[in-house]
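Asker: input_26.cif is reproduced in full below (mmCIF, C-alpha atoms).
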data_entry
loop_
_atom_site.group_PDB
_atom_site.id
_atom_site.type_symbol
_atom_site.label_atom_id
_atom_site.label_comp_id
_atom_site.auth_asym_id
_atom_site.auth_seq_id
_atom_site.Cartn_x
_atom_site.Cartn_y
_atom_site.Cartn_z
ATOM 1 C CA THR A 1 -2.958 19.692 4.934
ATOM 2 C CA GLN A 2 -4.114 16.167 5.773
ATOM 3 C CA LEU A 3 -7.781 15.431 5.261
ATOM 4 C CA LEU A 4 -7.597 13.018 8.175
ATOM 5 C CA GLU A 5 -5.556 14.014 11.220
ATOM 6 C CA GLN A 6 -4.418 11.248 13.510
ATOM 7 C CA SER A 7 -3.196 11.726 17.055
ATOM 8 C CA PRO A 8 -0.979 11.058 18.751
ATOM 9 C CA GLN A 9 1.658 10.502 16.082
ATOM 10 C CA PHE A 10 3.749 8.282 18.355
ATOM 11 C CA LEU A 11 2.847 6.279 21.438
ATOM 12 C CA SER A 12 5.161 4.187 23.601
ATOM 13 C CA ILE A 13 3.531 2.339 26.481
ATOM 14 C CA GLN A 14 4.005 -0.620 28.786
ATOM 15 C CA GLU A 15 2.179 -3.902 28.432
ATOM 16 C CA GLY A 16 -1.163 -3.812 30.239
ATOM 17 C CA GLU A 17 -1.828 -0.110 29.760
ATOM 18 C CA ASN A 18 -4.871 1.279 27.963
ATOM 19 C CA LEU A 19 -4.662 3.743 25.090
ATOM 20 C CA THR A 20 -6.833 5.704 22.682
ATOM 21 C CA VAL A 21 -5.939 6.823 19.178
ATOM 22 C CA TYR A 22 -7.920 9.534 17.407
ATOM 23 C CA CYS A 23 -8.771 10.239 13.794
ATOM 24 C CA ASN A 24 -10.312 13.650 13.081
ATOM 25 C CA SER A 25 -11.480 15.605 10.060
ATOM 26 C CA SER A 26 -13.577 18.620 9.156
ATOM 27 C CA SER A 27 -15.158 16.554 6.382
ATOM 28 C CA VAL A 28 -17.992 14.065 6.593
ATOM 29 C CA PHE A 29 -17.222 10.480 5.702
ATOM 30 C CA SER A 30 -19.592 7.838 4.426
ATOM 31 C CA SER A 31 -17.396 5.171 5.984
ATOM 32 C CA LEU A 32 -14.148 4.895 7.819
ATOM 33 C CA GLN A 33 -11.715 2.035 8.102
ATOM 34 C CA TRP A 34 -8.992 1.282 10.620
ATOM 35 C CA TYR A 35 -5.908 -0.624 9.558
ATOM 36 C CA ARG A 36 -2.848 -1.949 11.357
ATOM 37 C CA GLN A 37 0.464 -2.102 9.518
ATOM 38 C CA GLU A 38 3.655 -3.847 10.558
ATOM 39 C CA PRO A 39 7.044 -2.737 9.196
ATOM 40 C CA GLY A 40 7.588 -3.745 5.568
ATOM 41 C CA GLU A 41 4.056 -5.101 5.207
ATOM 42 C CA GLY A 42 0.823 -3.816 3.736
ATOM 43 C CA PRO A 43 -1.940 -2.462 5.998
ATOM 44 C CA VAL A 44 -4.359 -5.067 7.337
ATOM 45 C CA LEU A 45 -7.991 -4.088 7.710
ATOM 46 C CA LEU A 46 -9.286 -4.167 11.294
ATOM 47 C CA VAL A 47 -12.772 -2.718 11.001
ATOM 48 C CA THR A 48 -15.130 -0.567 8.932
ATOM 49 C CA VAL A 49 -17.596 1.816 10.569
ATOM 50 C CA VAL A 50 -20.436 3.277 8.573
ATOM 51 C CA THR A 51 -23.133 4.644 10.876
ATOM 52 C CA GLY A 52 -22.700 7.794 12.981
ATOM 53 C CA GLY A 53 -22.317 6.857 16.637
ATOM 54 C CA GLU A 54 -21.485 3.261 15.758
ATOM 55 C CA VAL A 55 -19.324 1.293 18.190
ATOM 56 C CA LYS A 56 -17.588 -1.927 17.179
ATOM 57 C CA LYS A 57 -15.526 -4.234 19.346
ATOM 58 C CA LEU A 58 -12.809 -6.589 18.216
ATOM 59 C CA LYS A 59 -11.498 -8.445 21.276
ATOM 60 C CA ARG A 60 -9.557 -5.767 23.215
ATOM 61 C CA LEU A 61 -10.071 -3.115 20.514
ATOM 62 C CA THR A 62 -13.054 -0.755 20.561
ATOM 63 C CA PHE A 63 -13.779 1.451 17.563
ATOM 64 C CA GLN A 64 -16.171 4.377 17.585
ATOM 65 C CA PHE A 65 -17.470 6.526 14.726
ATOM 66 C CA GLY A 66 -18.492 10.029 15.706
ATOM 67 C CA ASP A 67 -22.145 11.032 15.548
ATOM 68 C CA ALA A 68 -21.402 13.511 12.758
ATOM 69 C CA ARG A 69 -19.197 10.980 10.909
ATOM 70 C CA LYS A 70 -16.240 13.365 10.999
ATOM 71 C CA ASP A 71 -14.118 11.559 13.551
ATOM 72 C CA SER A 72 -13.311 8.169 14.975
ATOM 73 C CA SER A 73 -11.398 6.643 17.828
ATOM 74 C CA LEU A 74 -9.669 3.359 18.539
ATOM 75 C CA HIS A 75 -9.322 2.269 22.155
ATOM 76 C CA ILE A 76 -7.089 -0.636 23.133
ATOM 77 C CA THR A 77 -7.544 -2.214 26.549
ATOM 78 C CA ALA A 78 -4.625 -3.938 28.279
ATOM 79 C CA ALA A 79 -2.219 -3.480 25.384
ATOM 80 C CA GLN A 80 0.116 -6.332 24.496
ATOM 81 C CA PRO A 81 3.445 -6.326 22.593
ATOM 82 C CA GLY A 82 1.619 -7.928 19.663
ATOM 83 C CA ASP A 83 -0.402 -4.718 19.300
ATOM 84 C CA THR A 84 2.762 -2.889 18.200
ATOM 85 C CA GLY A 85 2.405 -1.358 14.750
ATOM 86 C CA LEU A 86 1.252 1.620 12.733
ATOM 87 C CA TYR A 87 -2.472 2.296 13.107
ATOM 88 C CA LEU A 88 -4.032 4.000 10.110
ATOM 89 C CA CYS A 89 -7.471 5.402 9.609
ATOM 90 C CA ALA A 90 -8.851 5.775 6.101
ATOM 91 C CA GLY A 91 -12.096 7.380 5.085
ATOM 92 C CA ARG A 92 -14.310 7.614 2.073
ATOM 93 C CA LEU A 93 -15.748 11.088 1.704
ATOM 94 C CA SER A 94 -19.496 11.481 1.716
ATOM 95 C CA GLY A 95 -20.983 12.748 -1.526
ATOM 96 C CA GLY A 96 -19.836 10.290 -4.133
ATOM 97 C CA SER A 97 -16.097 9.965 -3.697
ATOM 98 C CA TYR A 98 -14.994 6.378 -3.407
ATOM 99 C CA ILE A 99 -11.248 6.722 -3.053
ATOM 100 C CA PRO A 100 -10.099 6.068 0.504
ATOM 101 C CA THR A 101 -7.928 8.795 2.001
ATOM 102 C CA PHE A 102 -5.458 7.856 4.704
ATOM 103 C CA GLY A 103 -4.222 9.678 7.752
ATOM 104 C CA ARG A 104 -0.510 9.679 8.586
ATOM 105 C CA GLY A 105 -0.962 7.041 11.219
ATOM 106 C CA THR A 106 -0.170 6.499 14.875
ATOM 107 C CA SER A 107 2.941 4.482 15.563
ATOM 108 C CA LEU A 108 2.384 2.345 18.679
ATOM 109 C CA ILE A 109 5.076 0.482 20.582
ATOM 110 C CA VAL A 110 4.057 -1.743 23.478
ATOM 111 C CA HIS A 111 6.963 -2.739 25.709
ATOM 112 C CA PRO A 112 6.882 -6.086 27.551
ATOM 113 C CA GLU B 1 -3.731 -13.339 3.943
ATOM 114 C CA THR B 2 -5.682 -11.077 1.593
ATOM 115 C CA GLY B 3 -5.028 -12.718 -1.773
ATOM 116 C CA VAL B 4 -3.496 -9.536 -3.173
ATOM 117 C CA THR B 5 0.019 -10.188 -4.392
ATOM 118 C CA GLN B 6 2.644 -7.727 -5.509
ATOM 119 C CA SER B 7 5.912 -8.236 -7.332
ATOM 120 C CA PRO B 8 8.730 -7.757 -6.888
ATOM 121 C CA THR B 9 8.939 -7.392 -3.111
ATOM 122 C CA HIS B 10 12.122 -5.338 -3.253
ATOM 123 C CA LEU B 11 13.767 -3.373 -6.051
ATOM 124 C CA ILE B 12 16.790 -1.128 -6.398
ATOM 125 C CA LYS B 13 16.947 1.254 -9.356
ATOM 126 C CA THR B 14 19.197 4.077 -10.458
ATOM 127 C CA ARG B 15 17.972 7.648 -10.804
ATOM 128 C CA GLY B 16 16.596 8.246 -14.302
ATOM 129 C CA GLN B 17 15.613 4.627 -14.899
ATOM 130 C CA GLN B 18 12.104 3.302 -15.388
ATOM 131 C CA VAL B 19 10.332 0.728 -13.231
ATOM 132 C CA THR B 20 7.226 -1.456 -13.512
ATOM 133 C CA LEU B 21 5.511 -2.824 -10.440
ATOM 134 C CA ARG B 22 2.825 -5.499 -10.624
ATOM 135 C CA CYS B 23 -0.252 -6.371 -8.621
ATOM 136 C CA SER B 24 -2.661 -9.298 -8.773
ATOM 137 C CA SER B 25 -5.964 -8.359 -7.211
ATOM 138 C CA GLN B 26 -8.053 -10.551 -4.965
ATOM 139 C CA SER B 27 -10.416 -12.917 -6.757
ATOM 140 C CA GLY B 28 -13.727 -11.182 -7.507
ATOM 141 C CA HIS B 29 -12.315 -7.673 -7.121
ATOM 142 C CA ASN B 30 -12.518 -5.295 -10.094
ATOM 143 C CA THR B 31 -10.935 -2.178 -8.590
ATOM 144 C CA VAL B 32 -7.249 -1.622 -7.921
ATOM 145 C CA SER B 33 -5.724 1.375 -6.170
ATOM 146 C CA TRP B 34 -2.048 2.237 -5.919
ATOM 147 C CA TYR B 35 -0.465 4.078 -3.021
ATOM 148 C CA GLN B 36 2.987 5.419 -2.227
ATOM 149 C CA GLN B 37 4.064 5.239 1.398
ATOM 150 C CA ALA B 38 7.170 7.059 2.547
ATOM 151 C CA LEU B 39 8.833 5.973 5.758
ATOM 152 C CA GLY B 40 6.806 7.027 8.790
ATOM 153 C CA GLN B 41 3.913 8.342 6.711
ATOM 154 C CA GLY B 42 0.481 7.122 5.749
ATOM 155 C CA PRO B 43 -0.161 5.838 2.228
ATOM 156 C CA GLN B 44 -0.621 8.562 -0.412
ATOM 157 C CA PHE B 45 -3.108 7.822 -3.179
ATOM 158 C CA ILE B 46 -1.554 7.623 -6.669
ATOM 159 C CA PHE B 47 -4.459 6.420 -8.832
ATOM 160 C CA GLN B 48 -7.241 3.900 -9.068
ATOM 161 C CA TYR B 49 -8.372 1.611 -11.890
ATOM 162 C CA TYR B 50 -11.872 0.253 -12.286
ATOM 163 C CA ARG B 51 -12.629 -2.193 -15.083
ATOM 164 C CA GLU B 52 -9.471 -1.209 -16.973
ATOM 165 C CA GLU B 53 -10.135 2.553 -16.853
ATOM 166 C CA GLU B 54 -8.378 5.124 -14.670
ATOM 167 C CA ASN B 55 -10.946 6.126 -12.112
ATOM 168 C CA GLY B 56 -9.217 8.844 -10.123
ATOM 169 C CA ARG B 57 -5.763 10.239 -9.619
ATOM 170 C CA GLY B 58 -3.895 11.783 -6.728
ATOM 171 C CA ASN B 59 -1.316 14.539 -6.807
ATOM 172 C CA PHE B 60 1.389 12.644 -8.704
ATOM 173 C CA PRO B 61 3.160 13.738 -11.918
ATOM 174 C CA PRO B 62 2.430 12.120 -15.303
ATOM 175 C CA ARG B 63 5.588 10.032 -15.100
ATOM 176 C CA PHE B 64 3.523 7.834 -12.779
ATOM 177 C CA SER B 65 1.225 5.805 -15.031
ATOM 178 C CA GLY B 66 -0.693 2.601 -14.804
ATOM 179 C CA LEU B 67 -2.653 -0.128 -16.501
ATOM 180 C CA GLN B 68 -5.337 -2.573 -15.529
ATOM 181 C CA PHE B 69 -5.783 -5.781 -17.488
ATOM 182 C CA PRO B 70 -8.962 -7.756 -18.309
ATOM 183 C CA ASN B 71 -8.246 -10.087 -15.391
ATOM 184 C CA TYR B 72 -8.114 -6.948 -13.160
ATOM 185 C CA SER B 73 -4.430 -7.284 -12.379
ATOM 186 C CA SER B 74 -2.563 -4.011 -12.611
ATOM 187 C CA GLU B 75 0.798 -2.369 -13.261
ATOM 188 C CA LEU B 76 2.316 0.827 -11.953
ATOM 189 C CA ASN B 77 4.979 2.387 -14.155
ATOM 190 C CA VAL B 78 7.295 5.135 -13.043
ATOM 191 C CA ASN B 79 9.550 6.869 -15.575
ATOM 192 C CA ALA B 80 12.611 9.019 -14.955
ATOM 193 C CA LEU B 81 13.014 7.829 -11.385
ATOM 194 C CA GLU B 82 14.012 10.353 -8.757
ATOM 195 C CA LEU B 83 15.563 9.753 -5.354
ATOM 196 C CA ASP B 84 12.321 10.874 -3.681
ATOM 197 C CA ASP B 85 10.480 8.036 -5.399
ATOM 198 C CA SER B 86 12.064 5.670 -2.881
ATOM 199 C CA ALA B 87 9.138 4.311 -0.894
ATOM 200 C CA LEU B 88 6.875 1.349 -0.239
ATOM 201 C CA TYR B 89 4.384 1.020 -3.093
ATOM 202 C CA LEU B 90 1.111 -0.560 -2.080
ATOM 203 C CA CYS B 91 -1.619 -2.033 -4.197
ATOM 204 C CA ALA B 92 -5.133 -2.445 -2.811
ATOM 205 C CA SER B 93 -8.055 -4.230 -4.392
ATOM 206 C CA SER B 94 -11.742 -3.873 -3.703
ATOM 207 C CA SER B 95 -14.923 -5.312 -5.130
ATOM 208 C CA ASN B 96 -16.497 -2.131 -6.459
ATOM 209 C CA ARG B 97 -16.375 1.599 -6.229
ATOM 210 C CA GLY B 98 -19.225 1.804 -3.785
ATOM 211 C CA LEU B 99 -19.214 3.567 -0.471
ATOM 212 C CA GLY B 100 -18.062 1.578 2.513
ATOM 213 C CA THR B 101 -16.141 -0.944 0.471
ATOM 214 C CA GLU B 102 -13.003 -2.115 2.183
ATOM 215 C CA ALA B 103 -9.694 -2.217 0.389
ATOM 216 C CA PHE B 104 -7.391 -5.171 0.874
ATOM 217 C CA PHE B 105 -3.683 -4.574 0.524
ATOM 218 C CA GLY B 106 -0.783 -6.535 -0.807
ATOM 219 C CA GLN B 107 2.502 -6.718 1.071
ATOM 220 C CA GLY B 108 3.973 -3.911 -1.008
ATOM 221 C CA THR B 109 7.037 -3.362 -3.157
ATOM 222 C CA ARG B 110 9.951 -1.596 -1.491
ATOM 223 C CA LEU B 111 11.575 0.604 -4.165
ATOM 224 C CA THR B 112 14.956 2.156 -3.510
ATOM 225 C CA VAL B 113 16.290 4.713 -5.982
ATOM 226 C CA VAL B 114 20.027 5.377 -5.763
#
Could you spell out this file's structure in structure tokens?

Answerer:
Amino acid sequence: TQLLEQSPQFLSIQEGENLTVYCNSSSVFSSLQWYRQEPGEGPVLLVTVVTGGEVKKLKRLTFQFGDARKDSSLHITAAQPGDTGLYLCAGRLSGGSYIPTFGRGTSLIVHP
Amino acid sequence: ETGVTQSPTHLIKTRGQQVTLRCSSQSGHNTVSWYQQALGQGPQFIFQYYREEENGRGNFPPRFSGLQFPNYSSELNVNALELDDSALYLCASSSNRGLGTEAFFGQGTRLTVV
């Protein structure tokens, strides 16, 4: 059982479309990070959210942390082929744990 | 570029052999975590080192071991390699153990066991 469940697992869309990726858990997290990983490379940090209800924007990417700090979403507006990659969420459990736990990721392909 | 470097980038080993993977952490970072990532999966936590001490361990057998050196660089050793050990091994460094601290990853070592 994954502590962090990501959905959908795979997403194949056309350039210009919008999409949302979800990261859900039954546990409370003190912080949550989103990463993007390209094949054969290490994950690259996109954003960290810490406060329940927090919304952060990074150009066409909008990240939201749930009010209860158990879930998060990543919304991409007008997707481009350069957005193709594996999107991973990773959380640090509330209550003293400081080891980030990763979801399985959402594999996104944006077709030109 | 994160400043975290891993070596080698690719490695092919035979079942039963031993392997050592290396990681240089980002300047100023004292915590190193190792992850195993199978194809199409998210990274699975192996263990973490903080100031040269093991600071937490995931669900991996004892044949996975590690070290952290005074300069905070780290090694991952795997004994008695099995075919299922084939994966991308990722090293991540962070500045402390505190909550909300981001981890910065190296490019990984692709290990193939044949």

Asker: For the file shown, report as a ChimeraX atom specification the outcome of the PyMOL selection byres ((chain A) within 10 of (chain B)) at residue level.

Answerer: /A:9,29-35,37-45,47-50,86-107

Asker: Identify which of the residues A:Pro112, A:Gly53, A:Gly66, A:Pro81 lies closest to Ser26 of chain A, counting all atoms listed in the file when measuring atom-to-atom distances.

Answerer: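 Looking at the shortest contact to Ser26 of chain A, the residue is A:Gly66.
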
Asker: Anything within 9 Å of (12.3, 5.8, -2.4): list those residues as JSON, numbers by chain, counting only C-alpha atoms and sticking to the file's coordinates.

Answerer: {"B": [38, 39, 82, 83, 84, 85, 86, 87, 88, 110, 111, 112, 113, 114]}

Asker: Would you compute the distance between atom CA of Thr62 of chain A and atom CA of Ile76 of chain A? Give it in Å to one decimal.

Answerer: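 Taking atom CA of Thr62 of chain A as the start and atom CA of Ile76 of chain A as the end point, the length is 6.5 Å.
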
Asker: What is the distance, in Å and to one decimal place, between atom CA of Arg60 of chain A and atom CA of Gly3 of chain B?

Answerer: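 For atom CA of Arg60 of chain A relative to atom CA of Gly3 of chain B, the distance reads 26.3 Å.
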
Asker: For a test of reading the model, state the distance in Å between atom CA of Asn24 of chain A and atom CA of Gln80 of chain A, rounded to one decimal.

Answerer: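 Computed distance, atom CA of Asn24 of chain A to atom CA of Gln80 of chain A, equals 25.3 Å.
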
Asker: Under the PyMOL selection byres ((chain A and resi 71) around 6), which residues of this model are included? Write them out as a VMD selection string.

Answerer: chain A and resid 23 to 25 66 69 to 70 72

Asker: Go ahead and save the residues from that selection, with C-alpha atoms, as a compact mmCIF listing (two decimals), in the coordinates of the input.

Answerer:
# COMPACT_ATOMS: atom_id res chain seq x y z
CA CYS A 23 -8.77 10.24 13.79
CA ASN A 24 -10.31 13.65 13.08
CA SER A 25 -11.48 15.60 10.06
CA GLY A 66 -18.49 10.03 15.71
CA ARG A 69 -19.20 10.98 10.91
CA LYS A 70 -16.24 13.36 11.00
CA SER A 72 -13.31 8.17 14.98

Asker: Taking all atoms listed in the file into account, name the residue in B:Glu52, B:Thr20, B:Ser94, B:His29 that is nearest to Ser65 of chain B.

Answerer: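 The answer is B:Thr20, which sits nearest to Ser65 of chain B.
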
Asker: Select, from B:Glu53, B:Arg15, B:Ala80, B:Thr5, the residue with the minimum atom-to-atom distance to Ser27 of chain B, counting all atoms listed in the file.

Answerer: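 Smallest separation from Ser27 of chain B among the options: B:Thr5.
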
Asker: Which residues would end up in the selection if the PyMOL selection byres ((chain B and resi 67) around 10) were applied here, given that I need the answer as a list in words?

Answerer: Arg22, Val32, Gln48, Tyr49, Glu52, Glu53, Glu54, Ser65, Gly66, Gln68, Phe69, Tyr72, Ser73, Ser74, Glu75, Leu76 and Asn77 of chain B

Asker: Let me see the file: selected residues, C-alpha atoms, as a PDB file, in the frame of the given file.

Answerer:
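Final file, again.pdb:
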ATOM      1  CA  ARG B  22       2.825  -5.499 -10.624  1.00  0.00           C
ATOM      2  CA  VAL B  32      -7.249  -1.622  -7.921  1.00  0.00           C
ATOM      3  CA  GLN B  48      -7.241   3.900  -9.068  1.00  0.00           C
ATOM      4  CA  TYR B  49      -8.372   1.611 -11.890  1.00  0.00           C
ATOM      5  CA  GLU B  52      -9.471  -1.209 -16.973  1.00  0.00           C
ATOM      6  CA  GLU B  53     -10.135   2.553 -16.853  1.00  0.00           C
ATOM      7  CA  GLU B  54      -8.378   5.124 -14.670  1.00  0.00           C
ATOM      8  CA  SER B  65       1.225   5.805 -15.031  1.00  0.00           C
ATOM      9  CA  GLY B  66      -0.693   2.601 -14.804  1.00  0.00           C
ATOM     10  CA  GLN B  68      -5.337  -2.573 -15.529  1.00  0.00           C
ATOM     11  CA  PHE B  69      -5.783  -5.781 -17.488  1.00  0.00           C
ATOM     12  CA  TYR B  72      -8.114  -6.948 -13.160  1.00  0.00           C
ATOM     13  CA  SER B  73      -4.430  -7.284 -12.379  1.00  0.00           C
ATOM     14  CA  SER B  74      -2.563  -4.011 -12.611  1.00  0.00           C
ATOM     15  CA  GLU B  75       0.798  -2.369 -13.261  1.00  0.00           C
ATOM     16  CA  LEU B  76       2.316   0.827 -11.953  1.00  0.00           C
ATOM     17  CA  ASN B  77       4.979   2.387 -14.155  1.00  0.00           C
TER      18      ASN B  77
END

Asker: Which residue out of B:Ser7, B:Tyr50, B:Ser95, B:Pro62 has the minimum interatomic distance to Cys23 of chain B when all atoms listed in the file are used?

Answerer: B:Ser7

Asker: Env of Glu54 of chain A: 7 Å cut, atoms = all atoms listed in the file, seq-sep filter 3 positions within chain, self excluded. Answer as a PyMOL selection string.

Answerer: chain A and resi 49+51+64-65

Asker: Would you output that residue set with C-alpha atoms, as a tab-separated table (two decimals), in the coordinates of the input?

Answerer:
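Saved the output as again17.tsv:
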chain	number	residue	atom	x	y	z
A	49	VAL	CA	-17.60	1.82	10.57
A	51	THR	CA	-23.13	4.64	10.88
A	64	GLN	CA	-16.17	4.38	17.58
A	65	PHE	CA	-17.47	6.53	14.73
